[in-house]
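Content type PDB, C-alpha atoms and all ligand atoms, from the file target_20.pdb:
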```
ATOM      1  CA  MET H  27     164.840  96.596 108.304  1.00  0.00           C
ATOM      2  CA  ARG H  28     167.629  94.377 109.519  1.00  0.00           C
ATOM      3  CA  TYR H  29     171.231  95.462 109.942  1.00  0.00           C
ATOM      4  CA  HIS H  30     174.446  93.602 110.282  1.00  0.00           C
ATOM      5  CA  CYS H  31     177.279  94.936 112.477  1.00  0.00           C
ATOM      6  CA  THR H  32     180.439  94.862 110.397  1.00  0.00           C
ATOM      7  CA  GLU H  33     182.561  94.740 113.570  1.00  0.00           C
ATOM      8  CA  CYS H  34     181.020  91.784 115.384  1.00  0.00           C
ATOM      9  CA  SER H  35     178.432  90.181 113.023  1.00  0.00           C
ATOM     10  CA  TYR H  36     175.553  91.033 115.375  1.00  0.00           C
ATOM     11  CA  ILE H  37     172.215  91.311 113.550  1.00  0.00           C
ATOM     12  CA  TYR H  38     169.847  94.062 114.608  1.00  0.00           C
ATOM     13  CA  ASP H  39     166.209  93.716 113.592  1.00  0.00           C
ATOM     14  CA  GLU H  40     164.235  96.967 113.995  1.00  0.00           C
ATOM     15  CA  SER H  41     160.963  95.080 114.287  1.00  0.00           C
ATOM     16  CA  LEU H  42     162.260  93.148 117.311  1.00  0.00           C
ATOM     17  CA  GLY H  43     164.603  95.603 119.052  1.00  0.00           C
ATOM     18  CA  ASP H  44     166.860  93.903 121.573  1.00  0.00           C
ATOM     19  CA  SER H  45     165.255  92.770 124.830  1.00  0.00           C
ATOM     20  CA  VAL H  46     168.645  91.948 126.430  1.00  0.00           C
ATOM     21  CA  ASP H  47     169.770  95.567 126.034  1.00  0.00           C
ATOM     22  CA  GLY H  48     166.335  97.032 126.696  1.00  0.00           C
ATOM     23  CA  ILE H  49     165.877  98.357 123.159  1.00  0.00           C
ATOM     24  CA  GLU H  50     162.187  98.536 122.376  1.00  0.00           C
ATOM     25  CA  ALA H  51     160.781  96.853 119.275  1.00  0.00           C
ATOM     26  CA  GLY H  52     160.405  99.433 116.522  1.00  0.00           C
ATOM     27  CA  THR H  53     163.546 101.378 117.455  1.00  0.00           C
ATOM     28  CA  LYS H  54     165.233 102.456 114.234  1.00  0.00           C
ATOM     29  CA  ALA H  55     168.871 101.505 113.767  1.00  0.00           C
ATOM     30  CA  GLU H  56     169.704 105.182 113.201  1.00  0.00           C
ATOM     31  CA  GLU H  57     168.437 105.950 116.728  1.00  0.00           C
ATOM     32  CA  LEU H  58     171.089 103.689 118.244  1.00  0.00           C
ATOM     33  CA  SER H  59     174.359 105.442 118.917  1.00  0.00           C
ATOM     34  CA  GLN H  60     176.297 102.194 118.857  1.00  0.00           C
ATOM     35  CA  CYS H  61     176.049  98.451 118.294  1.00  0.00           C
ATOM     36  CA  PRO H  62     174.343  96.835 121.336  1.00  0.00           C
ATOM     37  CA  ALA H  63     176.705  93.873 121.189  1.00  0.00           C
ATOM     38  CA  CYS H  64     180.180  95.359 120.656  1.00  0.00           C
ATOM     39  CA  ASP H  65     179.605  99.133 121.186  1.00  0.00           C
ATOM     40  CA  ALA H  66     181.124  99.994 117.795  1.00  0.00           C
ATOM     41  CA  GLU H  67     179.803 103.231 116.264  1.00  0.00           C
ATOM     42  CA  ASP H  68     178.504 103.532 112.683  1.00  0.00           C
ATOM     43  CA  SER H  69     179.046  99.818 112.147  1.00  0.00           C
ATOM     44  CA  PHE H  70     175.577  98.848 110.891  1.00  0.00           C
ATOM     45  CA  TYR H  71     175.179  97.734 107.313  1.00  0.00           C
ATOM     46  CA  PRO H  72     171.646  97.133 105.944  1.00  0.00           C
ATOM     47  CA  ILE H  73     170.813  93.536 105.077  1.00  0.00           C
ATOM     48  CA  THR H  74     169.084  93.127 101.735  1.00  0.00           C
ATOM     49  CA  GLU H  75     166.079  91.046 102.536  1.00  0.00           C
ATOM     50  CA  GLU H  76     165.102  88.020 100.607  1.00  0.00           C
ATOM     51  CA  VAL H  77     161.400  88.330  99.904  1.00  0.00           C
ATOM     52  CA  ASN H  78     159.152  85.344  99.213  1.00  0.00           C
ATOM     53  CA  TYR H  79     156.594  86.401  96.609  1.00  0.00           C
ATOM     54  CA  PHE H  80     153.245  84.679  96.319  1.00  0.00           C
ATOM     55  CA  ASP H  81     152.741  82.858  93.067  1.00  0.00           C
ATOM     56  CA  GLU H  82     149.264  83.990  92.027  1.00  0.00           C
ATOM     57  CA  LYS H  83     149.129  81.511  89.143  1.00  0.00           C
ATOM     58  CA  SER H  84     149.598  78.438  91.257  1.00  0.00           C
ATOM     59  CA  GLU H  85     146.433  76.866  92.647  1.00  0.00           C
ATOM     60  CA  TYR H  86     148.319  75.148  95.385  1.00  0.00           C
ATOM     61  CA  ILE H  87     149.523  77.382  98.208  1.00  0.00           C
ATOM     62  CA  PRO H  88     151.868  75.621 100.650  1.00  0.00           C
ATOM     63  CA  LEU H  89     150.771  75.878 104.272  1.00  0.00           C
ATOM     64  CA  ILE H  90     153.724  78.016 105.306  1.00  0.00           C
ATOM     65  CA  ASP H  91     152.808  80.560 102.616  1.00  0.00           C
ATOM     66  CA  ALA H  92     149.114  80.493 103.452  1.00  0.00           C
ATOM     67  CA  GLU H  93     149.885  81.327 107.079  1.00  0.00           C
ATOM     68  CA  HIS H  94     151.673  84.517 106.020  1.00  0.00           C
ATOM     69  CA  TYR H  95     149.252  85.526 103.279  1.00  0.00           C
ATOM     70  CA  PRO H  96     148.064  89.123 103.599  1.00  0.00           C
ATOM     71  CA  ILE H  97     144.433  89.905 102.864  1.00  0.00           C
ATOM     72  CA  VAL H  98     144.510  93.349 101.301  1.00  0.00           C
ATOM     73  CA  GLU H  99     141.634  95.662 100.549  1.00  0.00           C
ATOM     74  CA  VAL H 100     141.899  99.143  99.046  1.00  0.00           C
ATOM     75  CA  ILE H 101     138.959 101.454  99.623  1.00  0.00           C
ATOM     76  CA  ALA H 102     139.172 105.174  98.853  1.00  0.00           C
ATOM     77  CA  TRP H 103     142.988 105.011  98.609  1.00  0.00           C
ATOM     78  CA  GLN H 104     143.260 103.494 102.040  1.00  0.00           C
ATOM     79  CA  CYS H 105     144.874 100.075 102.021  1.00  0.00           C
ATOM     80  CA  THR H 106     143.943  97.680 104.811  1.00  0.00           C
ATOM     81  CA  VAL H 107     146.094  94.610 105.435  1.00  0.00           C
ATOM     82  CA  GLN H 108     145.218  91.635 107.600  1.00  0.00           C
ATOM     83  CA  ILE H 109     147.092  88.413 108.276  1.00  0.00           C
ATOM     84  CA  PRO H 110     144.358  86.416 110.001  1.00  0.00           C
ATOM     85  CA  ASP H 111     145.887  82.941 110.222  1.00  0.00           C
ATOM     86  CA  HIS H 112     149.214  83.625 111.875  1.00  0.00           C
ATOM     87  CA  ALA H 113     150.281  83.172 115.507  1.00  0.00           C
ATOM     88  CA  MET H 114     151.005  86.397 117.442  1.00  0.00           C
ATOM     89  CA  LEU H 115     153.247  84.984 120.161  1.00  0.00           C
ATOM     90  CA  ASP H 116     156.478  86.503 121.415  1.00  0.00           C
ATOM     91  CA  GLU H 117     158.614  83.822 119.748  1.00  0.00           C
ATOM     92  CA  HIS H 118     156.536  83.515 116.592  1.00  0.00           C
ATOM     93  CA  ARG H 119     154.553  86.407 115.268  1.00  0.00           C
ATOM     94  CA  ILE H 120     154.093  88.888 112.453  1.00  0.00           C
ATOM     95  CA  SER H 121     156.559  91.475 113.727  1.00  0.00           C
ATOM     96  CA  SER H 122     155.861  94.090 111.080  1.00  0.00           C
ATOM     97  CA  ILE H 123     153.709  94.950 108.079  1.00  0.00           C
ATOM     98  CA  SER H 124     155.169  97.424 105.621  1.00  0.00           C
ATOM     99  CA  LEU H 125     154.357  99.399 102.523  1.00  0.00           C
ATOM    100  CA  TYR H 126     156.912  99.635  99.674  1.00  0.00           C
ATOM    101  CA  ASP H 127     156.735 101.696  96.524  1.00  0.00           C
ATOM    102  CA  GLU H 128     157.129 100.347  92.978  1.00  0.00           C
ATOM    103  CA  TYR H 129     160.915 100.829  93.167  1.00  0.00           C
ATOM    104  CA  GLY H 130     161.199  98.597  96.212  1.00  0.00           C
ATOM    105  CA  ASP H 131     161.790 101.438  98.672  1.00  0.00           C
ATOM    106  CA  MET H 132     160.062 101.299 102.030  1.00  0.00           C
ATOM    107  CA  VAL H 133     157.411 103.975 102.573  1.00  0.00           C
ATOM    108  CA  GLU H 134     156.070 102.972 105.968  1.00  0.00           C
ATOM    109  CA  GLU H 135     156.504 100.139 108.449  1.00  0.00           C
ATOM    110  CA  LEU H 136     154.162  99.229 111.274  1.00  0.00           C
ATOM    111  CA  PHE H 137     155.704  97.192 114.097  1.00  0.00           C
ATOM    112  CA  LEU H 138     153.470  94.684 115.882  1.00  0.00           C
ATOM    113  CA  GLN H 139     153.779  93.529 119.484  1.00  0.00           C
ATOM    114  CA  PRO H 140     152.768  90.015 120.627  1.00  0.00           C
ATOM    115  CA  GLU H 141     149.051  89.365 121.200  1.00  0.00           C
ATOM    116  CA  VAL H 142     147.796  92.216 119.018  1.00  0.00           C
ATOM    117  CA  VAL H 143     145.722  91.692 115.855  1.00  0.00           C
ATOM    118  CA  ALA H 144     147.947  91.421 112.785  1.00  0.00           C
ATOM    119  CA  GLU H 145     146.584  94.290 110.747  1.00  0.00           C
ATOM    120  CA  ALA H 146     147.708  97.595 109.303  1.00  0.00           C
ATOM    121  CA  SER H 147     146.336 100.442 107.270  1.00  0.00           C
ATOM    122  CA  PHE H 148     148.246 102.613 104.801  1.00  0.00           C
ATOM    123  CA  ASP H 149     147.449 105.616 102.660  1.00  0.00           C
ATOM    124  CA  VAL H 150     148.243 104.650  99.044  1.00  0.00           C
ATOM    125  CA  SER H 151     146.625 107.662  97.341  1.00  0.00           C
ATOM    126  CA  ASP H 152     149.645 108.826  95.335  1.00  0.00           C
ATOM    127  CA  MET H 153     150.867 105.369  94.313  1.00  0.00           C
ATOM    128  CA  ASP H 154     150.125 103.622  91.001  1.00  0.00           C
ATOM    129  CA  GLU H 155     151.759 100.445  92.190  1.00  0.00           C
ATOM    130  CA  PHE H 156     152.730  99.330  95.650  1.00  0.00           C
ATOM    131  CA  GLU H 157     153.892  96.330  97.570  1.00  0.00           C
ATOM    132  CA  ILE H 158     152.961  94.957 100.971  1.00  0.00           C
ATOM    133  CA  ARG H 159     155.595  93.037 102.920  1.00  0.00           C
ATOM    134  CA  VAL H 160     154.786  90.838 105.874  1.00  0.00           C
ATOM    135  CA  ARG H 161     157.628  90.028 108.224  1.00  0.00           C
ATOM    136  CA  CYS H 162     157.514  86.981 110.481  1.00  0.00           C
ATOM    137  CA  ASN H 163     160.143  86.863 113.232  1.00  0.00           C
ATOM    138  CA  LEU H 164     160.626  83.148 112.589  1.00  0.00           C
ATOM    139  CA  HIS H 165     160.038  82.518 108.895  1.00  0.00           C
ATOM    140  CA  GLY H 166     161.204  85.617 107.018  1.00  0.00           C
ATOM    141  CA  VAL H 167     159.498  88.087 104.713  1.00  0.00           C
ATOM    142  CA  TRP H 168     156.610  87.662 102.277  1.00  0.00           C
ATOM    143  CA  GLY H 169     155.690  90.203  99.635  1.00  0.00           C
ATOM    144  CA  LYS H 170     152.706  90.892  97.407  1.00  0.00           C
ATOM    145  CA  LYS H 171     152.517  93.529  94.663  1.00  0.00           C
ATOM    146  CA  PHE H 172     149.435  95.517  93.729  1.00  0.00           C
ATOM    147  CA  GLN H 173     148.211  97.820  90.984  1.00  0.00           C
ATOM    148  CA  ASN H 174     146.208 100.771  92.228  1.00  0.00           C
ATOM    149  CA  ASP H 175     143.329 101.572  89.894  1.00  0.00           C
TER     150      ASP H 175
HETATM  151 ZN    ZN F 201     178.818  95.005 116.826  1.00  0.00          ZN
HETATM  152 ZN    ZN F 202     155.554  82.644 110.677  1.00  0.00          ZN
END
```
Can the structure in the file be given as C-alpha cells, please?
Ligand SMILES: [Zn+2]
Ligand SMILES: [Zn+2]
Amino acid sequence: MRYHCTECSYIYDESLGDSVDGIEAGTKAEELSQCPACDAEDSFYPITEEVNYFDEKSEYIPLIDAEHYPIVEVIAWQCTVQIPDHAMLDEHRISSISLYDEYGDMVEELFLQPEVVAEASFDVSDMDEFEIRVRCNLHGVWGKKFQND
C-alpha cells in the first residue's frame, strides 16, 4: 500500500520503505510512529491505487504490459505467481506481489528485494474469486482476476 502524508505531501510506499530514513522495505505504515519527512503523527492517508488490468480479449499485448504479466498456476488451492520477464534491479523491479479478495481487499502482500526471483505463493483455498496484483516500483500496478474452480 502507498500512503500520502496530509501534512507534507510525502508519499510512503510500504513495498519500498525509505532508505534515507533507514526504514526497511516491507515496513507497514501502521508500524511508523510518525511521517519520516515531517514527523507529523497520524498523518498518513491511504492512496487508492490505479490498477492496470490485462485485457484478455485483445491478441496484442503491449510490451510494457507483457513485462509485468503474472503467470499464475493454482494447484491444490495453492496459487503460484511468477513474473519471469521483469528486471529485478534496485531502481526497477517488481517490489511486491499481492493477493486480493473479490471485494478488492488485500489479503496478503509479499515484498520483494532486488535480485531475487519474482515469484510468490498464496493459499487461496477459501476463495471463489481472487485477484493478483503485481507492483512495479517504476511503472505502477497490474492486476489479474481469477475464478477458483
Ligand atoms: Zn509528512
Ligand atoms: Zn516495470
Checklist entry - At what distance in Å, to one decimal, does CA of Glu145 (chain H) lie from CA of Gln108 (chain H)? => result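 So the answer is 4.3 Å.
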Next on the checklist: Under the PyMOL selection byres (((chain H and resi 62-69) around 6) and not hetatm), which residues of this model are included? Write them out as a list of chain:residue names.
Outcome noted: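 That selection, the PyMOL selection byres (((chain H and resi 62-69) around 6) and not hetatm), comes back as H:Cys31, H:Thr32, H:Gln60, H:Cys61, H:Phe70.
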Saved selection, atoms kept: C-alpha atoms, as an mmCIF file, in the frame of the given file:
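Below is the file result23.cif, written as the result:
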```cif
data_model
loop_
_atom_site.group_PDB
_atom_site.id
_atom_site.type_symbol
_atom_site.label_atom_id
_atom_site.label_comp_id
_atom_site.auth_asym_id
_atom_site.auth_seq_id
_atom_site.Cartn_x
_atom_site.Cartn_y
_atom_site.Cartn_z
ATOM 1 C CA CYS H 31 177.279 94.936 112.477
ATOM 2 C CA THR H 32 180.439 94.862 110.397
ATOM 3 C CA GLN H 60 176.297 102.194 118.857
ATOM 4 C CA CYS H 61 176.049 98.451 118.294
ATOM 5 C CA PHE H 70 175.577 98.848 110.891
#
```
Around all of region 145-153 of chain H's listed atoms, make the axis-aligned box with 3 Å on each side and tell me centre and edge lengths in Å to one decimal, as JSON.
```
{"center_x": 148.6, "center_y": 101.6, "center_z": 102.5, "size_x": 10.5, "size_y": 20.5, "size_z": 22.4}
```
Next on the checklist: Given the PyMOL selection byres (((chain H and resi 37) around 12) and not hetatm) and the file above, list the residues it selects as a VMD selection string.
Outcome noted: chain H and resid 27 to 36 38 to 44 55 61 to 64 69 to 73
Item to check | Selection: 12 Å around Ala146 (chain H), all atoms listed in the file, excl. self and same-chain fewer than 5 positions, as number ranges by chain | outcome: H: 96-100, 104-110, 120-125, 134-138, 158-160
Item to check | All residues having an atom within 8 Å of ligand ZN 202 (chain F) (all atoms listed in the file) as a ChimeraX atom specification | outcome: /H:90,93-94,112-113,118-120,162-166
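The spacing separating CA of Asp47 (chain H) from CA of Asp131 (chain H) amounts to 29.1 Å.
Minimum atom-to-atom distances from H:Val133, H:Glu128, H:Pro140, H:Leu115 to Ala51 (chain H) were compared using all atoms listed in the file, and the lowest value belongs to H:Pro140.
Straight-line separation from CA of Phe148 (chain H) to CA of Ala102 (chain H): 11.1 Å.
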Checklist entry - Which of these residues is nearest to Val77 (chain H), using all atoms listed in the file: H:Val167, H:Ser45, H:Val142, H:Phe172? => result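 Among H:Val167, H:Ser45, H:Val142, H:Phe172, it is H:Val167 that comes nearest to Val77 (chain H).
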Next on the checklist: Set the distance at 7 Å and use all atoms listed in the file: which residues neighbour region 78-88 of chain H once local chain neighbours fewer than 6 positions away are removed? I'd like the list as a list in words.
Outcome noted: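 Result of the neighbour search: Val167, Trp168, Gly169 and Lys170 of chain H.
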Item to check | Result set, the PyMOL selection byres (((chain H and resi 154) around 7) and not hetatm) on current file, as a ChimeraX atom specification | outcome: /H:152-153,155-156,173-174
Checklist entry - So, counting all atoms listed in the file, which residue among H:Met132, H:Ala144, H:Lys171, H:Gln139 is closest to Glu117 (chain H)? => result H:Gln139
Item to check | Which of H:Thr53, H:Gly130, H:Glu76, H:Leu58 sits closest to ligand ZN 201 (chain F) [using all atoms listed in the file] | outcome: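 Ranking H:Thr53, H:Gly130, H:Glu76, H:Leu58 by distance to ligand ZN 201 (chain F), first place goes to H:Leu58.
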Next on the checklist: My list of candidates is H:Asp149, H:Glu57, H:Asp127, H:Asp111. Which is closest to Ala92 (chain H) when distances are computed with only C-alpha atoms?
Outcome noted: H:Asp111
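Among the candidates H:Thr74, H:Asp175, H:Ser59, H:Asp116, the one nearest to ligand ZN 201 (chain F) when counting all atoms listed in the file is H:Ser59.
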N, CA and C atoms restored at region 73-93 of chain H, emitted as a tab-separated table (two decimals), in the frame of the given file:
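Result went into rebuild32.tsv, see below:
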```
chain	number	residue	atom	x	y	z
H	73	ILE	N	170.89	94.87	105.69
H	73	ILE	CA	170.81	93.54	105.08
H	73	ILE	C	169.72	93.57	104.01
H	74	THR	N	170.07	93.21	102.81
H	74	THR	CA	169.08	93.13	101.74
H	74	THR	C	168.20	91.92	102.04
H	75	GLU	N	166.91	92.17	102.14
H	75	GLU	CA	166.08	91.05	102.54
H	75	GLU	C	165.63	90.21	101.35
H	76	GLU	N	165.58	88.94	101.62
H	76	GLU	CA	165.10	88.02	100.61
H	76	GLU	C	163.60	87.92	100.81
H	77	VAL	N	162.86	88.30	99.78
H	77	VAL	CA	161.40	88.33	99.90
H	77	VAL	C	160.79	87.13	99.18
H	78	ASN	N	159.91	86.43	99.86
H	78	ASN	CA	159.15	85.34	99.21
H	78	ASN	C	157.92	85.98	98.57
H	79	TYR	N	157.79	85.86	97.26
H	79	TYR	CA	156.59	86.40	96.61
H	79	TYR	C	155.57	85.30	96.37
H	80	PHE	N	154.31	85.65	96.55
H	80	PHE	CA	153.24	84.68	96.32
H	80	PHE	C	153.08	84.45	94.82
H	81	ASP	N	152.96	83.21	94.46
H	81	ASP	CA	152.74	82.86	93.07
H	81	ASP	C	151.23	82.81	92.83
H	82	GLU	N	150.72	83.87	92.20
H	82	GLU	CA	149.26	83.99	92.03
H	82	GLU	C	148.72	82.97	91.04
H	83	LYS	N	149.59	82.44	90.18
H	83	LYS	CA	149.13	81.51	89.14
H	83	LYS	C	148.95	80.09	89.67
H	84	SER	N	149.67	79.79	90.74
H	84	SER	CA	149.60	78.44	91.26
H	84	SER	C	148.32	78.25	92.08
H	85	GLU	N	147.66	77.12	91.88
H	85	GLU	CA	146.43	76.87	92.65
H	85	GLU	C	146.76	76.34	94.02
H	86	TYR	N	147.91	75.75	94.12
H	86	TYR	CA	148.32	75.15	95.38
H	86	TYR	C	149.17	76.13	96.18
H	87	ILE	N	148.72	76.50	97.35
H	87	ILE	CA	149.52	77.38	98.21
H	87	ILE	C	150.03	76.56	99.39
H	88	PRO	N	151.36	76.39	99.51
H	88	PRO	CA	151.87	75.62	100.65
H	88	PRO	C	151.43	76.25	101.98
H	89	LEU	N	151.28	75.43	102.97
H	89	LEU	CA	150.77	75.88	104.27
H	89	LEU	C	151.58	77.04	104.84
H	90	ILE	N	152.88	76.95	104.74
H	90	ILE	CA	153.72	78.02	105.31
H	90	ILE	C	153.45	79.36	104.62
H	91	ASP	N	153.16	79.33	103.31
H	91	ASP	CA	152.81	80.56	102.62
H	91	ASP	C	151.43	81.06	103.04
H	92	ALA	N	150.49	80.13	103.12
H	92	ALA	CA	149.11	80.49	103.45
H	92	ALA	C	149.04	81.20	104.80
H	93	GLU	N	149.83	80.74	105.74
H	93	GLU	CA	149.88	81.33	107.08
H	93	GLU	C	150.29	82.81	107.05
```
